[in-house]
Amino acid sequence: MSGDSNPIMSELAINRDVTVYLDGNGSMPLLSDARAAMVDALSHAGNASSTHTAGRSGRARIDRARDQIAALVGVSAPQVIFTSGATEAAAMALTTTYRIKGTDTAIGRVYVAATEHACVRAGGAFPAQQITVIPVTRAGIVDCEALAAALARHDANDGPPLVAVMLANNETGIINPVAQVAGIVHQAGGIVYCDAVQAAGRLDLDIAALGVDLLALSAHKLGGPQGIGALILADNDLCPVPLISGGGQEKRRRAGTENIAAIAGFGVAACLARDHIGDMARIGEMRDGFEAAILAISPDAQIVGKTVERLANTSMIVAPGQVAETVVIAFDLEGIAVSAGSACSSGKVSQSHVLAAMGLSPEEARAGIRFSLHPGSIRDDIDRTLAVWQKICRKSADKHAA
């Protein structure tokens with residue numbers, strides 16, 4: 001492989017601590033256009049709820065961003081609720097009361113796929129006894145038969161079921177059959193919440209085609225700033241009761257003064273996400289070549305999810321005899337950023353709940369390394385990473401031979 005360049009610019013070049021950044025699923029580098037929109041917004045005073053000129057200027061930036069994000073997922077602007085991130089969006093969605101056609105309705109139980117992000121697996125406002133975990137197949141896809149069976153046992157007298165299923169897994173990139181899941185849930189009279197955080201900018205998103213009722217996005221996963229996200233409603237007649245109340249912002253669905261600069265950056269990143277989707281073919285070719293080279297160096301390594309549909313940028317590799325945290329540190333010492341799984345938990349010495357749910361052994365679940373490319377990735381990044389992988393494997397072999 002030889003070095004090349006990429007017209008999609010990021011701010012990664014200014015980070016002198018990192019030579020190669022392959023943790024796009026943890027956080028994609030901030031796009032220069034998104035940064036410019038944020039700086040521009042920060043240069044203007046005014047609360048967006050104020051009626052004076054400065055306030056209206058801030059409101060215009062929020063309205064523009066709301067339109068841009070709505071266009072990304074195929075909804076109208078009023079269906080976009082800004083949040084502090086996807087974790088807050090999940091907390092909003094996983095509530096025990098929904099407002100359905102103007103009537104407050106109690107939700108009977110929440111059903112959560114076993115490979116969901118930690119903020120979803122926690123169940124939000126539901127107590128432990130009202131949370132049912134739905135297993136996944138050994139391929140990492142939500143078990144639709146198990147879901148249908150669980151919903152068949154659901155007591156409708158307690159209220160409709162709420163089901164949470166992610167579109168693309170943050171650790172493995174495995175894509176769930178969300179439209180099929182939504183059909184099963186709606187047939188049972190339930191509500192579907194979808195974490196589409198990792199899919200945005202990597203897959204075409206259309207909330208109607210997915211068939212879900214609510215969908216979460218996070219700006220920093222698609223080149224926007226950290227600390228801003230959105231909960232998207234398929235229909236304004238179905239909405240969770242507010243998690244944060246008080247002011248009238250977000251049509252009284254989420255109180256608090258809006259973060260205009262972050263919202264502006266989010267909107268620009270949402271616009272550029274379509275360009276990123278167009279770049280996924282190139283990213284996928286690099287990823288596939290990378291995996292082939294990994295297997296040539298480590299024939300016993302396992303590419304998680306290789307037999308099913310997954311994101312083109314994501315590669316979760318399990319190598320026998322390796323411990324993920326040790327490998328991540330070894331890469332970091334070489335100036336290469338990779339992850340041991342979810343960025344929210346990779347600092348902990350523990351097994352991946354995603355790999356464990358797929359039936360991998362505890363040793364294998366502690367060995368998974370996630371390499372996640374982004375639109376700024378180039379082939380030279382892959383070459384450098386492979387050289388370090390070979391070095392790590394050689395040192396490991398020498399250690400075991402001693």
# chains A, B, ... in the order shown; residues from 1 in each chain; ligands from 1
$ closest_atom_pairs --of "segment 75-111 of chain A" --to "segment 122-125 of chain A" --cutoff "7 Å" --atoms "only C-alpha atoms" --output "CSV"
residue,atom,partner,partner_atom,distance
A:Ala91,CA,A:Gly124,CA,5.1
A:Leu94,CA,A:Gly124,CA,4.9
A:Thr95,CA,A:Ala125,CA,5.0
A:Thr96,CA,A:Ala125,CA,6.3
$ write_last_selection --atoms "N, CA and C atoms" --output "PDB file, in the first residue's frame"
ATOM      1  N   ALA A  91     -31.667   8.671  27.287  1.00  0.00           N
ATOM      2  CA  ALA A  91     -32.379   8.856  28.550  1.00  0.00           C
ATOM      3  C   ALA A  91     -33.769   9.435  28.315  1.00  0.00           C
ATOM      4  N   LEU A  94     -35.887   6.462  26.779  1.00  0.00           N
ATOM      5  CA  LEU A  94     -36.138   5.327  27.679  1.00  0.00           C
ATOM      6  C   LEU A  94     -36.828   5.811  28.950  1.00  0.00           C
ATOM      7  N   THR A  95     -37.991   6.376  28.765  1.00  0.00           N
ATOM      8  CA  THR A  95     -38.775   6.887  29.884  1.00  0.00           C
ATOM      9  C   THR A  95     -40.058   6.077  30.020  1.00  0.00           C
ATOM     10  N   THR A  96     -40.645   6.138  31.192  1.00  0.00           N
ATOM     11  CA  THR A  96     -41.812   5.299  31.478  1.00  0.00           C
ATOM     12  C   THR A  96     -43.124   5.933  31.044  1.00  0.00           C
TER      13      THR A  96
END
$ closest_atom_pairs --of "segment 44-127 of chain A" --to "segment 152-170 of chain A" --cutoff "8 Å" --atoms "only C-alpha atoms" --output "CSV"
residue,atom,partner,partner_atom,distance
A:Leu94,CA,A:Leu162,CA,7.8
A:Thr105,CA,A:Gly159,CA,7.3
A:Ala106,CA,A:Gly159,CA,5.5
A:Ile107,CA,A:Gly159,CA,4.7
A:Gly108,CA,A:Gly159,CA,4.2
A:Arg109,CA,A:Pro161,CA,5.2
A:Val110,CA,A:Leu162,CA,4.7
A:Tyr111,CA,A:Val163,CA,4.6
A:Val112,CA,A:Ala164,CA,5.0
A:Ala113,CA,A:Val165,CA,5.8
A:Thr115,CA,A:Asn169,CA,7.3
A:Glu116,CA,A:Met166,CA,6.4
A:His117,CA,A:Asn170,CA,7.5
A:Val120,CA,A:Ala164,CA,7.4
$ write_last_selection --atoms "C-alpha atoms" --output "CSV table (one decimal), in the first residue's frame"
chain,number,residue,atom,x,y,z
A,94,LEU,CA,-36.1,5.3,27.7
A,105,THR,CA,-49.4,6.9,28.3
A,106,ALA,CA,-47.5,4.6,30.7
A,107,ILE,CA,-45.0,2.3,29.1
A,108,GLY,CA,-45.1,-1.3,30.4
A,109,ARG,CA,-41.6,-2.6,29.9
A,110,VAL,CA,-38.5,-1.8,28.0
A,111,TYR,CA,-36.8,-4.5,25.8
A,112,VAL,CA,-33.1,-3.9,25.1
A,113,ALA,CA,-30.8,-5.8,22.7
A,115,THR,CA,-25.2,-5.5,22.4
A,116,GLU,CA,-26.6,-2.0,22.9
A,117,HIS,CA,-24.5,0.8,24.2
A,120,VAL,CA,-29.2,2.1,26.6
$ residues_around --residues "Gly183 of chain A" --least-positions-apart "3" --cutoff "10 Å" --atoms "only C-alpha atoms" --output "ChimeraX atom specification"
/A:178-180,186-190,192,210-212
$ residues_around --residues "Lys391 of chain A" --least-positions-apart "4" --cutoff "12 Å" --atoms "only C-alpha atoms" --output "ChimeraX atom specification"
/A:297-298,327,330-331,334,384-387,395-398
$ write_last_selection --atoms "all heavy atoms" --output "mmCIF file, in the first residue's frame"
data_model
loop_
_atom_site.group_PDB
_atom_site.id
_atom_site.type_symbol
_atom_site.label_atom_id
_atom_site.label_comp_id
_atom_site.auth_asym_id
_atom_site.auth_seq_id
_atom_site.Cartn_x
_atom_site.Cartn_y
_atom_site.Cartn_z
ATOM 1 N N ILE A 297 -0.519 -11.782 8.820
ATOM 2 C CA ILE A 297 0.426 -11.696 9.934
ATOM 3 C C ILE A 297 0.005 -12.611 11.070
ATOM 4 O O ILE A 297 0.839 -13.290 11.689
ATOM 5 C CB ILE A 297 0.500 -10.235 10.443
ATOM 6 C CG1 ILE A 297 1.051 -9.316 9.355
ATOM 7 C CG2 ILE A 297 1.356 -10.147 11.704
ATOM 8 C CD1 ILE A 297 0.889 -7.837 9.671
ATOM 9 N N SER A 298 -1.304 -12.656 11.353
ATOM 10 C CA SER A 298 -1.851 -13.434 12.472
ATOM 11 C C SER A 298 -2.959 -14.348 11.956
ATOM 12 O O SER A 298 -4.147 -14.006 12.048
ATOM 13 C CB SER A 298 -2.411 -12.489 13.549
ATOM 14 O OG SER A 298 -1.468 -11.532 13.937
ATOM 15 N N VAL A 327 -2.511 -4.119 24.172
ATOM 16 C CA VAL A 327 -2.287 -3.820 22.758
ATOM 17 C C VAL A 327 -2.581 -2.340 22.476
ATOM 18 O O VAL A 327 -1.846 -1.678 21.728
ATOM 19 C CB VAL A 327 -3.160 -4.730 21.870
ATOM 20 C CG1 VAL A 327 -3.029 -4.337 20.396
ATOM 21 C CG2 VAL A 327 -2.760 -6.186 22.054
ATOM 22 N N ALA A 330 0.323 -0.374 23.597
ATOM 23 C CA ALA A 330 1.456 -0.563 22.693
ATOM 24 C C ALA A 330 1.299 0.284 21.431
ATOM 25 O O ALA A 330 2.259 0.902 20.959
ATOM 26 C CB ALA A 330 1.590 -2.045 22.333
ATOM 27 N N PHE A 331 0.089 0.330 20.897
ATOM 28 C CA PHE A 331 -0.169 1.181 19.733
ATOM 29 C C PHE A 331 0.011 2.650 20.094
ATOM 30 O O PHE A 331 0.588 3.437 19.339
ATOM 31 C CB PHE A 331 -1.577 0.935 19.199
ATOM 32 C CG PHE A 331 -1.673 -0.155 18.170
ATOM 33 C CD1 PHE A 331 -2.370 -1.335 18.435
ATOM 34 C CD2 PHE A 331 -1.078 -0.010 16.927
ATOM 35 C CE1 PHE A 331 -2.461 -2.331 17.489
ATOM 36 C CE2 PHE A 331 -1.177 -1.010 15.964
ATOM 37 C CZ PHE A 331 -1.865 -2.174 16.248
ATOM 38 N N GLU A 334 3.349 4.043 20.052
ATOM 39 C CA GLU A 334 3.848 4.231 18.688
ATOM 40 C C GLU A 334 3.140 5.382 17.974
ATOM 41 O O GLU A 334 3.334 5.597 16.780
ATOM 42 C CB GLU A 334 3.664 2.935 17.888
ATOM 43 C CG GLU A 334 4.413 1.729 18.425
ATOM 44 C CD GLU A 334 5.902 1.769 18.104
ATOM 45 O OE1 GLU A 334 6.316 2.643 17.302
ATOM 46 O OE2 GLU A 334 6.651 0.929 18.648
ATOM 47 N N ARG A 384 1.306 1.973 8.457
ATOM 48 C CA ARG A 384 1.959 2.188 9.747
ATOM 49 C C ARG A 384 1.349 1.305 10.823
ATOM 50 O O ARG A 384 2.059 0.758 11.685
ATOM 51 C CB ARG A 384 1.842 3.656 10.151
ATOM 52 C CG ARG A 384 2.574 4.617 9.227
ATOM 53 C CD ARG A 384 2.537 6.028 9.779
ATOM 54 N NE ARG A 384 3.109 6.987 8.858
ATOM 55 C CZ ARG A 384 3.420 8.236 9.182
ATOM 56 N NH1 ARG A 384 3.190 8.668 10.418
ATOM 57 N NH2 ARG A 384 3.932 9.055 8.302
ATOM 58 N N THR A 385 0.042 1.162 10.791
ATOM 59 C CA THR A 385 -0.641 0.336 11.793
ATOM 60 C C THR A 385 -0.262 -1.129 11.646
ATOM 61 O O THR A 385 -0.027 -1.825 12.644
ATOM 62 C CB THR A 385 -2.164 0.522 11.658
ATOM 63 O OG1 THR A 385 -2.489 1.901 11.812
ATOM 64 C CG2 THR A 385 -2.907 -0.286 12.708
ATOM 65 N N LEU A 386 -0.178 -1.600 10.412
ATOM 66 C CA LEU A 386 0.216 -2.990 10.182
ATOM 67 C C LEU A 386 1.644 -3.250 10.651
ATOM 68 O O LEU A 386 1.936 -4.321 11.209
ATOM 69 C CB LEU A 386 0.077 -3.335 8.693
ATOM 70 C CG LEU A 386 -1.358 -3.479 8.187
ATOM 71 C CD1 LEU A 386 -1.382 -3.546 6.661
ATOM 72 C CD2 LEU A 386 -2.013 -4.729 8.779
ATOM 73 N N ALA A 387 2.531 -2.297 10.447
ATOM 74 C CA ALA A 387 3.922 -2.456 10.890
ATOM 75 C C ALA A 387 3.982 -2.590 12.406
ATOM 76 O O ALA A 387 4.734 -3.418 12.939
ATOM 77 C CB ALA A 387 4.757 -1.267 10.415
ATOM 78 N N LYS A 395 6.817 -9.428 19.417
ATOM 79 C CA LYS A 395 7.190 -9.355 20.815
ATOM 80 C C LYS A 395 6.419 -10.360 21.658
ATOM 81 O O LYS A 395 6.965 -10.995 22.569
ATOM 82 C CB LYS A 395 6.934 -7.939 21.348
ATOM 83 C CG LYS A 395 7.959 -6.909 20.914
ATOM 84 C CD LYS A 395 7.697 -5.576 21.602
ATOM 85 C CE LYS A 395 8.760 -4.553 21.232
ATOM 86 N NZ LYS A 395 8.519 -3.241 21.894
ATOM 87 N N SER A 396 5.118 -10.528 21.322
ATOM 88 C CA SER A 396 4.307 -11.493 22.051
ATOM 89 C C SER A 396 4.807 -12.913 21.840
ATOM 90 O O SER A 396 4.888 -13.709 22.783
ATOM 91 C CB SER A 396 2.844 -11.374 21.579
ATOM 92 O OG SER A 396 2.021 -12.302 22.242
ATOM 93 N N ALA A 397 5.179 -13.226 20.599
ATOM 94 C CA ALA A 397 5.694 -14.568 20.287
ATOM 95 C C ALA A 397 6.996 -14.820 21.013
ATOM 96 O O ALA A 397 7.240 -15.909 21.553
ATOM 97 C CB ALA A 397 5.862 -14.722 18.773
ATOM 98 N N ASP A 398 7.877 -13.810 21.039
ATOM 99 C CA ASP A 398 9.161 -13.952 21.717
ATOM 100 C C ASP A 398 8.958 -14.159 23.215
ATOM 101 O O ASP A 398 9.670 -14.962 23.846
ATOM 102 C CB ASP A 398 10.019 -12.716 21.477
ATOM 103 C CG ASP A 398 10.500 -12.601 20.036
ATOM 104 O OD1 ASP A 398 10.395 -13.603 19.303
ATOM 105 O OD2 ASP A 398 10.934 -11.482 19.649
#
$ closest_atom_pairs --of "segment 49-143 of chain A" --to "segment 355-372 of chain A" --cutoff "7 Å" --atoms "only C-alpha atoms" --output "Markdown table"
| residue | atom | partner | partner_atom | distance |
| --- | --- | --- | --- | --- |
| A:Ala114 | CA | A:Ala357 | CA | 6.2 |
| A:Thr115 | CA | A:Ala357 | CA | 6.6 |
| A:Val136 | CA | A:Met358 | CA | 6.5 |
| A:Thr137 | CA | A:Met358 | CA | 6.3 |
| A:Arg138 | CA | A:Met358 | CA | 4.5 |
| A:Ala139 | CA | A:Met358 | CA | 6.6 |
| A:Gly140 | CA | A:Met358 | CA | 5.4 |
$ write_last_selection --atoms "all heavy atoms" --output "tab-separated table (two decimals), in the first residue's frame"
chain	number	residue	atom	x	y	z
A	114	ALA	N	-28.97	-7.11	23.60
A	114	ALA	CA	-27.83	-7.38	24.48
A	114	ALA	C	-26.57	-6.63	24.10
A	114	ALA	O	-25.68	-6.43	24.93
A	114	ALA	CB	-27.55	-8.88	24.50
A	115	THR	N	-26.47	-6.19	22.85
A	115	THR	CA	-25.25	-5.51	22.40
A	115	THR	C	-25.38	-3.99	22.34
A	115	THR	O	-24.55	-3.31	21.76
A	115	THR	CB	-24.84	-6.03	21.01
A	115	THR	OG1	-25.98	-5.94	20.13
A	115	THR	CG2	-24.38	-7.48	21.07
A	136	VAL	N	-28.66	-11.71	21.15
A	136	VAL	CA	-28.26	-11.61	19.74
A	136	VAL	C	-27.77	-12.97	19.28
A	136	VAL	O	-27.45	-13.84	20.10
A	136	VAL	CB	-27.15	-10.55	19.55
A	136	VAL	CG1	-27.64	-9.18	19.95
A	136	VAL	CG2	-25.88	-10.91	20.32
A	137	THR	N	-27.72	-13.16	17.98
A	137	THR	CA	-27.19	-14.40	17.43
A	137	THR	C	-25.67	-14.40	17.57
A	137	THR	O	-25.05	-13.39	17.90
A	137	THR	CB	-27.56	-14.53	15.95
A	137	THR	OG1	-26.86	-13.51	15.21
A	137	THR	CG2	-29.07	-14.37	15.75
A	138	ARG	N	-25.05	-15.53	17.27
A	138	ARG	CA	-23.59	-15.60	17.33
A	138	ARG	C	-22.96	-14.68	16.30
A	138	ARG	O	-21.78	-14.31	16.43
A	138	ARG	CB	-23.12	-17.04	17.13
A	138	ARG	CG	-23.49	-17.98	18.28
A	138	ARG	CD	-22.79	-19.32	18.15
A	138	ARG	NE	-21.36	-19.22	18.37
A	138	ARG	CZ	-20.75	-19.27	19.55
A	138	ARG	NH1	-21.49	-19.37	20.66
A	138	ARG	NH2	-19.44	-19.19	19.65
A	139	ALA	N	-23.73	-14.30	15.29
A	139	ALA	CA	-23.23	-13.36	14.29
A	139	ALA	C	-23.34	-11.91	14.78
A	139	ALA	O	-22.88	-10.99	14.11
A	139	ALA	CB	-24.00	-13.52	12.98
A	140	GLY	N	-23.97	-11.69	15.94
A	140	GLY	CA	-24.05	-10.36	16.51
A	140	GLY	C	-25.29	-9.58	16.14
A	140	GLY	O	-25.39	-8.39	16.46
$ select_by_dssp --residues "segment 205-358 of chain A" --states "strand (DSSP E or B)" --output "ChimeraX atom specification"
/A:214-218,229-233,238-240,302-304,310,314-318,336-337,339
$ select_by_dssp --residues "segment 236-359 of chain A" --states "alpha helix (DSSP H)" --output "MDAnalysis selection string"
chainID A and resid 249:252 260:278 280:297 324:333 353:357
$ atom_distance --atom1 "atom CA of Gln322 of chain A" --atom2 "atom CA of Ser339 of chain A"
13.8 Å
$ closest_atom_pairs --of "segment 87-146 of chain A" --to "segment 222-239 of chain A" --cutoff "9 Å" --atoms "only C-alpha atoms" --output "tab-separated table"
residue	atom	partner	partner_atom	distance
A:Thr87	CA	A:Gly229	CA	8.5
A:Glu88	CA	A:Gly229	CA	8.1
A:Ala89	CA	A:Leu231	CA	5.2
A:Ala90	CA	A:Leu231	CA	7.9
A:Met92	CA	A:Leu231	CA	8.0
A:Ala93	CA	A:Leu231	CA	7.9
A:Tyr98	CA	A:Cys239	CA	5.7
A:Arg99	CA	A:Cys239	CA	5.3
A:Ile100	CA	A:Leu238	CA	4.6
A:Lys101	CA	A:Asp237	CA	4.7
A:Gly102	CA	A:Asp237	CA	7.0
$ write_last_selection --atoms "N, CA, C and O atoms" --output "PDB file, in the first residue's frame"
ATOM      1  N   THR A  87     -26.343  10.122  24.764  1.00  0.00           N
ATOM      2  CA  THR A  87     -26.710   9.557  26.066  1.00  0.00           C
ATOM      3  C   THR A  87     -27.965  10.233  26.611  1.00  0.00           C
ATOM      4  O   THR A  87     -28.870   9.566  27.121  1.00  0.00           O
ATOM      5  N   GLU A  88     -28.027  11.555  26.489  1.00  0.00           N
ATOM      6  CA  GLU A  88     -29.246  12.247  26.918  1.00  0.00           C
ATOM      7  C   GLU A  88     -30.428  11.875  26.031  1.00  0.00           C
ATOM      8  O   GLU A  88     -31.556  11.710  26.518  1.00  0.00           O
ATOM      9  N   ALA A  89     -30.187  11.726  24.736  1.00  0.00           N
ATOM     10  CA  ALA A  89     -31.262  11.314  23.830  1.00  0.00           C
ATOM     11  C   ALA A  89     -31.812   9.956  24.243  1.00  0.00           C
ATOM     12  O   ALA A  89     -33.032   9.732  24.243  1.00  0.00           O
ATOM     13  N   ALA A  90     -30.916   9.025  24.610  1.00  0.00           N
ATOM     14  CA  ALA A  90     -31.353   7.706  25.077  1.00  0.00           C
ATOM     15  C   ALA A  90     -32.140   7.821  26.373  1.00  0.00           C
ATOM     16  O   ALA A  90     -33.168   7.156  26.557  1.00  0.00           O
ATOM     17  N   MET A  92     -33.889  10.332  27.348  1.00  0.00           N
ATOM     18  CA  MET A  92     -35.205  10.877  27.006  1.00  0.00           C
ATOM     19  C   MET A  92     -36.122   9.784  26.478  1.00  0.00           C
ATOM     20  O   MET A  92     -37.291   9.693  26.852  1.00  0.00           O
ATOM     21  N   ALA A  93     -35.575   8.961  25.567  1.00  0.00           N
ATOM     22  CA  ALA A  93     -36.388   7.939  24.915  1.00  0.00           C
ATOM     23  C   ALA A  93     -36.785   6.821  25.870  1.00  0.00           C
ATOM     24  O   ALA A  93     -37.897   6.284  25.784  1.00  0.00           O
ATOM     25  N   TYR A  98     -44.989   8.265  27.827  1.00  0.00           N
ATOM     26  CA  TYR A  98     -44.971   8.912  26.513  1.00  0.00           C
ATOM     27  C   TYR A  98     -46.248   9.708  26.330  1.00  0.00           C
ATOM     28  O   TYR A  98     -47.305   9.349  26.859  1.00  0.00           O
ATOM     29  N   ARG A  99     -46.137  10.777  25.581  1.00  0.00           N
ATOM     30  CA  ARG A  99     -47.306  11.550  25.204  1.00  0.00           C
ATOM     31  C   ARG A  99     -47.708  11.107  23.799  1.00  0.00           C
ATOM     32  O   ARG A  99     -47.001  11.373  22.824  1.00  0.00           O
ATOM     33  N   ILE A 100     -48.804  10.397  23.689  1.00  0.00           N
ATOM     34  CA  ILE A 100     -49.253   9.844  22.409  1.00  0.00           C
ATOM     35  C   ILE A 100     -50.568  10.511  22.022  1.00  0.00           C
ATOM     36  O   ILE A 100     -51.575  10.376  22.712  1.00  0.00           O
ATOM     37  N   LYS A 101     -50.525  11.272  20.942  1.00  0.00           N
ATOM     38  CA  LYS A 101     -51.693  12.041  20.469  1.00  0.00           C
ATOM     39  C   LYS A 101     -52.297  12.870  21.602  1.00  0.00           C
ATOM     40  O   LYS A 101     -53.512  12.909  21.797  1.00  0.00           O
ATOM     41  N   GLY A 102     -51.415  13.507  22.375  1.00  0.00           N
ATOM     42  CA  GLY A 102     -51.846  14.418  23.430  1.00  0.00           C
ATOM     43  C   GLY A 102     -52.189  13.773  24.748  1.00  0.00           C
ATOM     44  O   GLY A 102     -52.502  14.471  25.716  1.00  0.00           O
TER      45      GLY A 102
END
$ closest_residue --among "A:Asp380, A:Glu325, A:Asp204, A:Asp40" --to "His276 of chain A" --atoms "only C-alpha atoms"
A:Asp204
